[in-house]
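Following: one structure in structure tokens, then a few remarks.
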Amino acid sequence: MFIRPLTPEDRFPARMNALIAFHGRMSDQEEERADSLLEKTEAWGAFDENGVLMASLTDYDYRIVLDGTDVAAGGIGEASTLPEFRGHGAMRALFEAFLPAARQRGEALSMLCPSSHSLYRKFGYEAVCTQNSYEMPSDALADYRFEGQAELLRPGDSAAEHTDLYNRFAHSCNLAATRTEERQKNLLGGPFWQTRKFCYLLREKDRAVAYVLLADDRTPAGSTLAVWDLAYDGRIGFEAILGFLARFSLDYDRIELWTPSGVELLSLIRSPRQKEIKKRTLQNFMVRAVNVQRILEALKKPADAPFVLRVRDPLIPENDGTFRAEESSVRKTEETPDMELSVAAFSQLAVGGTGLSEAILRPDVEVYGKRETLERVFVRKSLFNTENF
């Protein structure tokens, strides 16, 4: 077995492998083949001794927010192994080679939506909740009103205001990816009359205060208006979204709404049907520190309260060590650590997926000193990520 980055000629076989692995569909092979030759994203593959592609993954480039700072991150997609090669260690070998290379390219964090939590925990990833999902009767928002202007984003329209509003919103949530206008438009996937995705910019007194991306889902069991993406500017923008969704109460049976993990809708909403609102805490996102030092540098740390961490990382040698973190600097050290933990536990703590008081219940976290300081650094934070990778 050997591991290497994929060439343009490898990209179509990788797409076919993912299709076979996940029992997908491909409408036009020649069109897909031509399109695959234009791929610019990073991708890696594991090949057998005969040169057959056994497993592959794609790594999409992002800039994500960590305590208000933009850092480089990768979003893993199409991670797949052909069924006939499963159990041969191809995916493990792939991640063992890929992760150190991702660090060399400048990534601080790796993200993925797992098919199996247990599989990716073997490579140092850990689960975090980036969204809360709420399902409610369509008239549960009847007490809310939106009196401003709603503008449907049509093909050819500028998405500059949507992008600017989203990027300001993103800096209030860890793991949110900052976007270009092109990436913002790509969320739609095509014209709304084909995708049934509708993006509205909401204005109050001519000021853009929110946007919401809606998807229509109709089945024999009923109709659902699903919120796929959103951004809002404070309370006015948040209530504008609720008031706008209330307009659809006659058209749909249910509404599905996502919020950042730190926004508890059930604590904020005013509804006579509040007991019928169902909340799900989604566990469909995992993170992994690729550069521990860069992540520690991005974190907000108290002044005059340094701390020392011992991080265990069997796959990335530069991460495996002891780090002294101060407000303005982070460096490796031989000092006695205040806390020792696995790279998976560090990843979950560092992004704010859990707080120290919870993390010490894990078997791979030990605190030896400076607990008060560590509790100020490692706290639960509001997380949000709705990117497709």
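Labels used: A, B, ... for chains in the order of the structure tokens, numbers from 1 for residues in each chain, and numbers from 1 for ligands as shown.
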Residues of range 241-311 of chain A within 10 Å of range 356-378 of chain A: nearest atom pair and distance (Å, one decimal) for each, counting only C-alpha atoms, sorted by chain and number, as a tab-separated table?
```
residue	atom	partner	partner_atom	distance
A:Leu299	CA	A:Val377	CA	7.8
A:Lys300	CA	A:Val377	CA	6.9
A:Lys301	CA	A:Val377	CA	5.9
A:Pro302	CA	A:Val377	CA	7.4
A:Ala305	CA	A:Thr373	CA	6.6
A:Pro306	CA	A:Thr373	CA	8.0
A:Phe307	CA	A:Lys370	CA	7.1
A:Val308	CA	A:Lys370	CA	9.0
A:Leu309	CA	A:Val367	CA	9.4
A:Arg310	CA	A:Glu366	CA	9.7
A:Val311	CA	A:Val365	CA	9.7
```
Store the residues picked out above, limited to C-alpha atoms, as an mmCIF file, in the first residue's frame.
```
data_model
loop_
_atom_site.group_PDB
_atom_site.id
_atom_site.type_symbol
_atom_site.label_atom_id
_atom_site.label_comp_id
_atom_site.auth_asym_id
_atom_site.auth_seq_id
_atom_site.Cartn_x
_atom_site.Cartn_y
_atom_site.Cartn_z
ATOM 1 C CA LEU A 299 -7.501 31.262 22.084
ATOM 2 C CA LYS A 300 -8.323 34.111 24.435
ATOM 3 C CA LYS A 301 -6.157 33.684 27.514
ATOM 4 C CA PRO A 302 -6.045 35.599 30.798
ATOM 5 C CA ALA A 305 -1.945 33.625 34.228
ATOM 6 C CA PRO A 306 0.180 31.243 32.115
ATOM 7 C CA PHE A 307 -0.563 27.535 32.040
ATOM 8 C CA VAL A 308 1.193 24.419 30.746
ATOM 9 C CA LEU A 309 -0.454 21.618 28.753
ATOM 10 C CA ARG A 310 0.860 18.189 27.842
ATOM 11 C CA VAL A 311 -0.883 17.067 24.636
#
```
For range 263-274 of chain A, work out the shell of residues within 12 Å, counting only C-alpha atoms and skipping chain neighbours fewer than 4 positions away, then give it as a PDB file with N, CA, C and O atoms, in the first residue's frame.
```pdb
ATOM      1  N   CYS A 129     -21.069  19.788  19.153  1.00  0.00           N
ATOM      2  CA  CYS A 129     -22.384  20.202  18.651  1.00  0.00           C
ATOM      3  C   CYS A 129     -22.255  21.602  18.067  1.00  0.00           C
ATOM      4  O   CYS A 129     -21.961  22.557  18.791  1.00  0.00           O
ATOM      5  N   THR A 130     -22.465  21.731  16.753  1.00  0.00           N
ATOM      6  CA  THR A 130     -22.357  23.043  16.107  1.00  0.00           C
ATOM      7  C   THR A 130     -23.708  23.685  15.861  1.00  0.00           C
ATOM      8  O   THR A 130     -23.771  24.817  15.398  1.00  0.00           O
ATOM      9  N   GLN A 131     -24.786  22.972  16.145  1.00  0.00           N
ATOM     10  CA  GLN A 131     -26.126  23.526  15.936  1.00  0.00           C
ATOM     11  C   GLN A 131     -27.096  22.832  16.887  1.00  0.00           C
ATOM     12  O   GLN A 131     -26.916  21.665  17.215  1.00  0.00           O
ATOM     13  N   ASN A 132     -28.105  23.563  17.297  1.00  0.00           N
ATOM     14  CA  ASN A 132     -29.293  22.964  17.887  1.00  0.00           C
ATOM     15  C   ASN A 132     -30.383  22.981  16.825  1.00  0.00           C
ATOM     16  O   ASN A 132     -30.546  23.955  16.102  1.00  0.00           O
ATOM     17  N   SER A 133     -31.130  21.898  16.719  1.00  0.00           N
ATOM     18  CA  SER A 133     -32.194  21.790  15.740  1.00  0.00           C
ATOM     19  C   SER A 133     -33.540  21.756  16.454  1.00  0.00           C
ATOM     20  O   SER A 133     -33.717  21.000  17.418  1.00  0.00           O
ATOM     21  N   TYR A 134     -34.465  22.592  15.981  1.00  0.00           N
ATOM     22  CA  TYR A 134     -35.789  22.677  16.591  1.00  0.00           C
ATOM     23  C   TYR A 134     -36.850  22.373  15.535  1.00  0.00           C
ATOM     24  O   TYR A 134     -36.802  22.895  14.428  1.00  0.00           O
ATOM     25  N   GLU A 135     -37.800  21.523  15.898  1.00  0.00           N
ATOM     26  CA  GLU A 135     -38.955  21.249  15.049  1.00  0.00           C
ATOM     27  C   GLU A 135     -40.200  21.711  15.785  1.00  0.00           C
ATOM     28  O   GLU A 135     -40.375  21.405  16.977  1.00  0.00           O
ATOM     29  N   MET A 136     -41.058  22.430  15.079  1.00  0.00           N
ATOM     30  CA  MET A 136     -42.229  23.021  15.739  1.00  0.00           C
ATOM     31  C   MET A 136     -43.412  23.075  14.782  1.00  0.00           C
ATOM     32  O   MET A 136     -43.229  23.069  13.552  1.00  0.00           O
ATOM     33  N   PRO A 137     -44.639  23.116  15.317  1.00  0.00           N
ATOM     34  CA  PRO A 137     -45.795  23.375  14.452  1.00  0.00           C
ATOM     35  C   PRO A 137     -45.621  24.724  13.766  1.00  0.00           C
ATOM     36  O   PRO A 137     -45.031  25.657  14.328  1.00  0.00           O
ATOM     37  N   SER A 138     -46.102  24.834  12.555  1.00  0.00           N
ATOM     38  CA  SER A 138     -45.860  26.049  11.779  1.00  0.00           C
ATOM     39  C   SER A 138     -46.472  27.294  12.412  1.00  0.00           C
ATOM     40  O   SER A 138     -46.022  28.413  12.132  1.00  0.00           O
ATOM     41  N   ASP A 139     -47.488  27.124  13.275  1.00  0.00           N
ATOM     42  CA  ASP A 139     -48.090  28.299  13.920  1.00  0.00           C
ATOM     43  C   ASP A 139     -47.508  28.578  15.301  1.00  0.00           C
ATOM     44  O   ASP A 139     -48.029  29.418  16.037  1.00  0.00           O
ATOM     45  N   ALA A 140     -46.402  27.897  15.652  1.00  0.00           N
ATOM     46  CA  ALA A 140     -45.793  28.129  16.962  1.00  0.00           C
ATOM     47  C   ALA A 140     -45.192  29.531  17.077  1.00  0.00           C
ATOM     48  O   ALA A 140     -44.950  30.020  18.181  1.00  0.00           O
ATOM     49  N   LEU A 141     -44.968  30.180  15.922  1.00  0.00           N
ATOM     50  CA  LEU A 141     -44.363  31.520  15.914  1.00  0.00           C
ATOM     51  C   LEU A 141     -45.406  32.607  15.674  1.00  0.00           C
ATOM     52  O   LEU A 141     -45.064  33.728  15.295  1.00  0.00           O
ATOM     53  N   ALA A 142     -46.658  32.281  15.928  1.00  0.00           N
ATOM     54  CA  ALA A 142     -47.751  33.208  15.606  1.00  0.00           C
ATOM     55  C   ALA A 142     -47.657  34.529  16.345  1.00  0.00           C
ATOM     56  O   ALA A 142     -48.187  35.549  15.883  1.00  0.00           O
ATOM     57  N   ASP A 143     -46.982  34.579  17.489  1.00  0.00           N
ATOM     58  CA  ASP A 143     -46.879  35.818  18.261  1.00  0.00           C
ATOM     59  C   ASP A 143     -45.818  36.771  17.719  1.00  0.00           C
ATOM     60  O   ASP A 143     -45.666  37.884  18.239  1.00  0.00           O
ATOM     61  N   TYR A 144     -45.068  36.349  16.700  1.00  0.00           N
ATOM     62  CA  TYR A 144     -44.000  37.183  16.156  1.00  0.00           C
ATOM     63  C   TYR A 144     -44.462  37.847  14.861  1.00  0.00           C
ATOM     64  O   TYR A 144     -45.200  37.264  14.071  1.00  0.00           O
ATOM     65  N   SER A 172     -19.120  35.792  15.942  1.00  0.00           N
ATOM     66  CA  SER A 172     -19.663  35.580  17.286  1.00  0.00           C
ATOM     67  C   SER A 172     -19.737  34.100  17.638  1.00  0.00           C
ATOM     68  O   SER A 172     -20.148  33.750  18.746  1.00  0.00           O
ATOM     69  N   CYS A 173     -19.354  33.228  16.695  1.00  0.00           N
ATOM     70  CA  CYS A 173     -19.481  31.778  16.896  1.00  0.00           C
ATOM     71  C   CYS A 173     -18.173  31.081  16.530  1.00  0.00           C
ATOM     72  O   CYS A 173     -17.647  31.299  15.441  1.00  0.00           O
ATOM     73  N   GLY A 234     -27.915  40.763  15.960  1.00  0.00           N
ATOM     74  CA  GLY A 234     -28.484  41.034  17.273  1.00  0.00           C
ATOM     75  C   GLY A 234     -29.945  40.641  17.400  1.00  0.00           C
ATOM     76  O   GLY A 234     -30.506  39.885  16.594  1.00  0.00           O
ATOM     77  N   ARG A 235     -30.585  41.159  18.439  1.00  0.00           N
ATOM     78  CA  ARG A 235     -31.965  40.797  18.756  1.00  0.00           C
ATOM     79  C   ARG A 235     -32.922  41.167  17.630  1.00  0.00           C
ATOM     80  O   ARG A 235     -33.836  40.404  17.303  1.00  0.00           O
ATOM     81  N   PHE A 238     -32.623  38.592  14.920  1.00  0.00           N
ATOM     82  CA  PHE A 238     -33.120  37.291  15.362  1.00  0.00           C
ATOM     83  C   PHE A 238     -34.649  37.265  15.341  1.00  0.00           C
ATOM     84  O   PHE A 238     -35.270  36.325  14.821  1.00  0.00           O
ATOM     85  N   GLU A 239     -35.270  38.311  15.870  1.00  0.00           N
ATOM     86  CA  GLU A 239     -36.733  38.350  15.886  1.00  0.00           C
ATOM     87  C   GLU A 239     -37.311  38.579  14.486  1.00  0.00           C
ATOM     88  O   GLU A 239     -38.431  38.146  14.195  1.00  0.00           O
ATOM     89  N   LEU A 242     -37.725  35.087  13.109  1.00  0.00           N
ATOM     90  CA  LEU A 242     -38.890  34.409  13.684  1.00  0.00           C
ATOM     91  C   LEU A 242     -40.189  34.974  13.096  1.00  0.00           C
ATOM     92  O   LEU A 242     -41.115  34.227  12.775  1.00  0.00           O
ATOM     93  N   GLY A 243     -40.240  36.297  12.970  1.00  0.00           N
ATOM     94  CA  GLY A 243     -41.441  36.921  12.417  1.00  0.00           C
ATOM     95  C   GLY A 243     -41.654  36.573  10.955  1.00  0.00           C
ATOM     96  O   GLY A 243     -42.790  36.389  10.502  1.00  0.00           O
ATOM     97  N   ALA A 246     -43.009  33.091  10.613  1.00  0.00           N
ATOM     98  CA  ALA A 246     -44.420  33.012  11.002  1.00  0.00           C
ATOM     99  C   ALA A 246     -45.342  33.244   9.811  1.00  0.00           C
ATOM    100  O   ALA A 246     -46.502  32.803   9.832  1.00  0.00           O
ATOM    101  N   LEU A 257     -35.820  24.699  12.400  1.00  0.00           N
ATOM    102  CA  LEU A 257     -34.940  25.859  12.563  1.00  0.00           C
ATOM    103  C   LEU A 257     -33.679  25.441  13.291  1.00  0.00           C
ATOM    104  O   LEU A 257     -33.738  24.725  14.286  1.00  0.00           O
ATOM    105  N   TRP A 258     -32.523  25.888  12.783  1.00  0.00           N
ATOM    106  CA  TRP A 258     -31.249  25.668  13.454  1.00  0.00           C
ATOM    107  C   TRP A 258     -30.824  26.948  14.160  1.00  0.00           C
ATOM    108  O   TRP A 258     -31.076  28.057  13.666  1.00  0.00           O
ATOM    109  N   THR A 259     -30.150  26.805  15.281  1.00  0.00           N
ATOM    110  CA  THR A 259     -29.509  27.938  15.937  1.00  0.00           C
ATOM    111  C   THR A 259     -28.091  27.539  16.319  1.00  0.00           C
ATOM    112  O   THR A 259     -27.790  26.340  16.436  1.00  0.00           O
ATOM    113  N   LYS A 278     -39.813  20.620  19.639  1.00  0.00           N
ATOM    114  CA  LYS A 278     -38.876  19.537  19.932  1.00  0.00           C
ATOM    115  C   LYS A 278     -37.454  19.979  19.601  1.00  0.00           C
ATOM    116  O   LYS A 278     -37.199  20.519  18.520  1.00  0.00           O
ATOM    117  N   LYS A 279     -36.560  19.732  20.514  1.00  0.00           N
ATOM    118  CA  LYS A 279     -35.156  20.100  20.318  1.00  0.00           C
ATOM    119  C   LYS A 279     -34.316  18.848  20.127  1.00  0.00           C
ATOM    120  O   LYS A 279     -34.482  17.865  20.837  1.00  0.00           O
ATOM    121  N   ARG A 280     -33.390  18.920  19.145  1.00  0.00           N
ATOM    122  CA  ARG A 280     -32.384  17.875  18.963  1.00  0.00           C
ATOM    123  C   ARG A 280     -31.008  18.523  19.029  1.00  0.00           C
ATOM    124  O   ARG A 280     -30.765  19.551  18.392  1.00  0.00           O
ATOM    125  N   THR A 281     -30.128  17.934  19.816  1.00  0.00           N
ATOM    126  CA  THR A 281     -28.743  18.372  19.850  1.00  0.00           C
ATOM    127  C   THR A 281     -27.978  17.507  18.853  1.00  0.00           C
ATOM    128  O   THR A 281     -27.845  16.297  19.052  1.00  0.00           O
ATOM    129  N   ARG A 380     -17.441  26.284  27.676  1.00  0.00           N
ATOM    130  CA  ARG A 380     -18.346  26.067  26.543  1.00  0.00           C
ATOM    131  C   ARG A 380     -18.572  27.377  25.802  1.00  0.00           C
ATOM    132  O   ARG A 380     -18.757  28.421  26.419  1.00  0.00           O
ATOM    133  N   LYS A 381     -18.583  27.291  24.476  1.00  0.00           N
ATOM    134  CA  LYS A 381     -18.763  28.477  23.652  1.00  0.00           C
ATOM    135  C   LYS A 381     -19.839  28.203  22.602  1.00  0.00           C
ATOM    136  O   LYS A 381     -20.199  27.056  22.354  1.00  0.00           O
ATOM    137  N   SER A 382     -20.333  29.264  22.011  1.00  0.00           N
ATOM    138  CA  SER A 382     -21.348  29.125  20.977  1.00  0.00           C
ATOM    139  C   SER A 382     -20.676  28.691  19.676  1.00  0.00           C
ATOM    140  O   SER A 382     -19.779  29.374  19.173  1.00  0.00           O
ATOM    141  N   LEU A 383     -21.110  27.551  19.137  1.00  0.00           N
ATOM    142  CA  LEU A 383     -20.540  27.000  17.915  1.00  0.00           C
ATOM    143  C   LEU A 383     -21.575  27.031  16.804  1.00  0.00           C
ATOM    144  O   LEU A 383     -22.775  26.904  17.053  1.00  0.00           O
ATOM    145  N   PHE A 384     -21.099  27.176  15.571  1.00  0.00           N
ATOM    146  CA  PHE A 384     -22.015  27.174  14.422  1.00  0.00           C
ATOM    147  C   PHE A 384     -21.228  26.838  13.171  1.00  0.00           C
ATOM    148  O   PHE A 384     -20.173  27.423  12.913  1.00  0.00           O
TER     149      PHE A 384
END
```
Helix (DSSP H, G or I) residues, from DSSP on the backbone, in range 230-387 of chain A, as a VMD selection string:
chain A and resid 234 to 246 265 to 268 274 to 276 292 to 298 317 to 319 343 to 351 356 to 359 371 to 377
Go through range 5-64 of chain A and collect every residue that DSSP, computed from the backbone, puts in strand (DSSP E); the answer should be as a ChimeraX atom specification.
/A:5,42-47,53-64
Store the residues picked out above in a file with all heavy atoms, as a compact mmCIF listing (two decimals), in the first residue's frame.
```txt
# COMPACT_ATOMS: atom_id res chain seq x y z
N PRO A 5 -0.89 12.32 -2.73
CA PRO A 5 -1.95 13.23 -3.21
C PRO A 5 -2.48 12.74 -4.56
O PRO A 5 -1.73 12.16 -5.36
CB PRO A 5 -1.23 14.58 -3.35
CG PRO A 5 -0.04 14.47 -2.46
CD PRO A 5 0.39 13.04 -2.51
N GLU A 42 -7.49 19.92 -2.47
CA GLU A 42 -6.52 18.90 -2.05
C GLU A 42 -7.24 17.57 -1.88
O GLU A 42 -8.33 17.50 -1.30
CB GLU A 42 -5.88 19.33 -0.73
CG GLU A 42 -4.78 18.43 -0.24
CD GLU A 42 -3.44 18.69 -0.89
OE1 GLU A 42 -3.33 19.70 -1.63
OE2 GLU A 42 -2.50 17.91 -0.66
N ALA A 43 -6.65 16.49 -2.37
CA ALA A 43 -7.22 15.16 -2.20
C ALA A 43 -6.10 14.14 -2.12
O ALA A 43 -5.06 14.30 -2.76
CB ALA A 43 -8.18 14.82 -3.35
N TRP A 44 -6.33 13.10 -1.30
CA TRP A 44 -5.32 12.06 -1.09
C TRP A 44 -5.95 10.70 -1.32
O TRP A 44 -7.16 10.52 -1.16
CB TRP A 44 -4.77 12.15 0.33
CG TRP A 44 -3.80 13.28 0.53
CD1 TRP A 44 -4.06 14.62 0.39
CD2 TRP A 44 -2.43 13.16 0.89
NE1 TRP A 44 -2.92 15.35 0.64
CE2 TRP A 44 -1.90 14.48 0.96
CE3 TRP A 44 -1.60 12.09 1.16
CZ2 TRP A 44 -0.58 14.74 1.29
CZ3 TRP A 44 -0.26 12.35 1.51
CH2 TRP A 44 0.23 13.66 1.57
N GLY A 45 -5.08 9.74 -1.69
CA GLY A 45 -5.56 8.39 -1.91
C GLY A 45 -4.62 7.33 -1.39
O GLY A 45 -3.41 7.57 -1.25
N ALA A 46 -5.17 6.17 -1.08
CA ALA A 46 -4.39 4.98 -0.70
C ALA A 46 -4.52 3.98 -1.83
O ALA A 46 -5.64 3.63 -2.25
CB ALA A 46 -4.92 4.39 0.60
N PHE A 47 -3.37 3.51 -2.36
CA PHE A 47 -3.35 2.61 -3.50
C PHE A 47 -2.75 1.27 -3.11
O PHE A 47 -1.83 1.21 -2.27
CB PHE A 47 -2.50 3.21 -4.63
CG PHE A 47 -3.03 4.51 -5.17
CD1 PHE A 47 -2.80 5.71 -4.50
CD2 PHE A 47 -3.75 4.55 -6.35
CE1 PHE A 47 -3.28 6.92 -5.00
CE2 PHE A 47 -4.24 5.74 -6.86
CZ PHE A 47 -4.00 6.93 -6.18
N LEU A 53 -6.91 2.33 -6.66
CA LEU A 53 -7.29 3.28 -5.60
C LEU A 53 -8.22 2.58 -4.63
O LEU A 53 -9.37 2.26 -4.96
CB LEU A 53 -7.97 4.50 -6.22
CG LEU A 53 -8.39 5.62 -5.26
CD1 LEU A 53 -7.20 6.20 -4.54
CD2 LEU A 53 -9.14 6.72 -6.01
N MET A 54 -7.74 2.37 -3.39
CA MET A 54 -8.51 1.66 -2.37
C MET A 54 -9.39 2.61 -1.57
O MET A 54 -10.54 2.31 -1.25
CB MET A 54 -7.55 0.95 -1.41
CG MET A 54 -6.55 0.04 -2.08
SD MET A 54 -5.18 -0.39 -0.96
CE MET A 54 -6.04 -1.33 0.29
N ALA A 55 -8.83 3.77 -1.22
CA ALA A 55 -9.54 4.73 -0.36
C ALA A 55 -9.05 6.12 -0.72
O ALA A 55 -7.93 6.31 -1.20
CB ALA A 55 -9.28 4.43 1.11
N SER A 56 -9.90 7.11 -0.46
CA SER A 56 -9.52 8.49 -0.77
C SER A 56 -10.30 9.46 0.10
O SER A 56 -11.30 9.08 0.74
CB SER A 56 -9.76 8.81 -2.25
OG SER A 56 -11.13 8.65 -2.57
N LEU A 57 -9.84 10.69 0.13
CA LEU A 57 -10.54 11.78 0.82
C LEU A 57 -10.24 13.08 0.11
O LEU A 57 -9.23 13.22 -0.58
CB LEU A 57 -10.15 11.85 2.30
CG LEU A 57 -8.68 12.12 2.68
CD1 LEU A 57 -8.31 13.60 2.62
CD2 LEU A 57 -8.39 11.59 4.07
N THR A 58 -11.12 14.04 0.30
CA THR A 58 -10.95 15.39 -0.24
C THR A 58 -10.90 16.36 0.92
O THR A 58 -11.63 16.21 1.90
CB THR A 58 -12.11 15.77 -1.18
OG1 THR A 58 -12.20 14.80 -2.23
CG2 THR A 58 -11.90 17.15 -1.79
N ASP A 59 -10.03 17.36 0.84
CA ASP A 59 -9.86 18.35 1.91
C ASP A 59 -10.17 19.73 1.35
O ASP A 59 -9.41 20.26 0.53
CB ASP A 59 -8.42 18.29 2.44
CG ASP A 59 -8.24 19.09 3.71
OD1 ASP A 59 -9.20 19.14 4.51
OD2 ASP A 59 -7.16 19.66 3.91
N TYR A 60 -11.29 20.32 1.79
CA TYR A 60 -11.73 21.63 1.30
C TYR A 60 -11.18 22.73 2.21
O TYR A 60 -11.23 22.62 3.43
CB TYR A 60 -13.26 21.69 1.28
CG TYR A 60 -13.87 20.71 0.31
CD1 TYR A 60 -14.26 19.44 0.74
CD2 TYR A 60 -14.06 21.03 -1.03
CE1 TYR A 60 -14.82 18.52 -0.14
CE2 TYR A 60 -14.62 20.13 -1.91
CZ TYR A 60 -15.00 18.87 -1.47
OH TYR A 60 -15.55 17.97 -2.34
N ASP A 61 -10.67 23.79 1.60
CA ASP A 61 -10.06 24.88 2.35
C ASP A 61 -11.11 25.82 2.93
O ASP A 61 -12.04 26.24 2.24
CB ASP A 61 -9.13 25.70 1.44
CG ASP A 61 -7.89 24.92 1.03
OD1 ASP A 61 -7.47 24.05 1.80
OD2 ASP A 61 -7.36 25.18 -0.06
N TYR A 62 -10.91 26.18 4.21
CA TYR A 62 -11.78 27.14 4.88
C TYR A 62 -10.93 28.05 5.77
O TYR A 62 -9.80 27.73 6.13
CB TYR A 62 -12.81 26.43 5.76
CG TYR A 62 -13.89 25.72 4.99
CD1 TYR A 62 -13.78 24.36 4.70
CD2 TYR A 62 -15.02 26.39 4.53
CE1 TYR A 62 -14.77 23.70 3.97
CE2 TYR A 62 -16.01 25.74 3.82
CZ TYR A 62 -15.88 24.40 3.54
OH TYR A 62 -16.85 23.75 2.82
N ARG A 63 -11.52 29.19 6.08
CA ARG A 63 -11.05 30.02 7.19
C ARG A 63 -12.17 29.99 8.22
O ARG A 63 -13.30 30.35 7.93
CB ARG A 63 -10.79 31.46 6.74
CG ARG A 63 -9.76 31.63 5.66
CD ARG A 63 -8.36 31.35 6.12
NE ARG A 63 -7.93 32.25 7.19
CZ ARG A 63 -6.72 32.21 7.74
NH1 ARG A 63 -5.84 31.31 7.34
NH2 ARG A 63 -6.39 33.05 8.70
N ILE A 64 -11.86 29.51 9.43
CA ILE A 64 -12.89 29.42 10.45
C ILE A 64 -12.54 30.32 11.63
O ILE A 64 -11.38 30.70 11.81
CB ILE A 64 -13.12 27.97 10.92
CG1 ILE A 64 -11.85 27.36 11.54
CG2 ILE A 64 -13.61 27.11 9.75
CD1 ILE A 64 -11.88 27.28 13.02
```
Which residues are close to Leu119 in chain A, i.e. within 10 Å by only C-alpha atoms, leaving aside same-chain residues fewer than 6 positions away? Reply as a list in words.
Met91, Arg92 and Tyr125 of chain A
Write the residues you've just listed into a file as a compact mmCIF listing (two decimals), in the first residue's frame, and include N, CA and C atoms for each of them.
```txt
# COMPACT_ATOMS: atom_id res chain seq x y z
N MET A 91 -7.80 3.39 5.32
CA MET A 91 -8.18 4.71 5.82
C MET A 91 -7.24 5.17 6.92
N ARG A 92 -6.81 4.26 7.77
CA ARG A 92 -5.85 4.65 8.81
C ARG A 92 -4.56 5.13 8.17
N TYR A 125 -10.03 12.71 16.13
CA TYR A 125 -11.19 13.60 16.01
C TYR A 125 -12.13 13.40 17.21
```
Would you kindly return, as a short mmCIF file (atom, residue, chain, number, x, y, z; two decimals) with N, CA and C atoms, in the first residue's frame, each protein, DNA or RNA residue with an atom no farther than 9 Å from any atom of Asp233 in chain A, considering only C-alpha atoms and excluding same-chain residues fewer than 2 positions away?
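Listed below is the output, selection.cif:
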```
data_model
loop_
_atom_site.label_atom_id
_atom_site.label_comp_id
_atom_site.auth_asym_id
_atom_site.auth_seq_id
_atom_site.Cartn_x
_atom_site.Cartn_y
_atom_site.Cartn_z
N LEU A 165 -23.11 40.50 6.17
CA LEU A 165 -23.87 40.24 7.39
C LEU A 165 -23.48 38.90 7.99
N TYR A 166 -23.34 37.87 7.13
CA TYR A 166 -22.95 36.56 7.63
C TYR A 166 -21.57 36.60 8.29
N ARG A 168 -20.01 39.03 9.74
CA ARG A 168 -20.09 39.67 11.06
C ARG A 168 -20.71 38.72 12.09
N PHE A 169 -21.75 38.02 11.67
CA PHE A 169 -22.40 37.03 12.53
C PHE A 169 -21.43 35.90 12.88
N ALA A 208 -30.12 46.03 6.46
CA ALA A 208 -30.10 44.57 6.45
C ALA A 208 -29.81 44.06 7.85
N VAL A 209 -30.76 43.30 8.42
CA VAL A 209 -30.61 42.82 9.79
C VAL A 209 -30.51 41.30 9.88
N ALA A 210 -30.86 40.59 8.79
CA ALA A 210 -30.82 39.13 8.83
C ALA A 210 -30.97 38.58 7.42
N ALA A 231 -28.24 34.10 9.31
CA ALA A 231 -27.35 35.02 10.00
C ALA A 231 -28.21 36.20 10.44
N ARG A 235 -30.58 41.16 18.44
CA ARG A 235 -31.97 40.80 18.76
C ARG A 235 -32.92 41.17 17.63
N ILE A 236 -32.73 42.33 17.03
CA ILE A 236 -33.64 42.76 15.97
C ILE A 236 -33.61 41.78 14.80
N GLY A 237 -32.43 41.36 14.41
CA GLY A 237 -32.31 40.40 13.32
C GLY A 237 -32.86 39.03 13.68
N PHE A 238 -32.62 38.59 14.92
CA PHE A 238 -33.12 37.29 15.36
C PHE A 238 -34.65 37.26 15.34
#
```
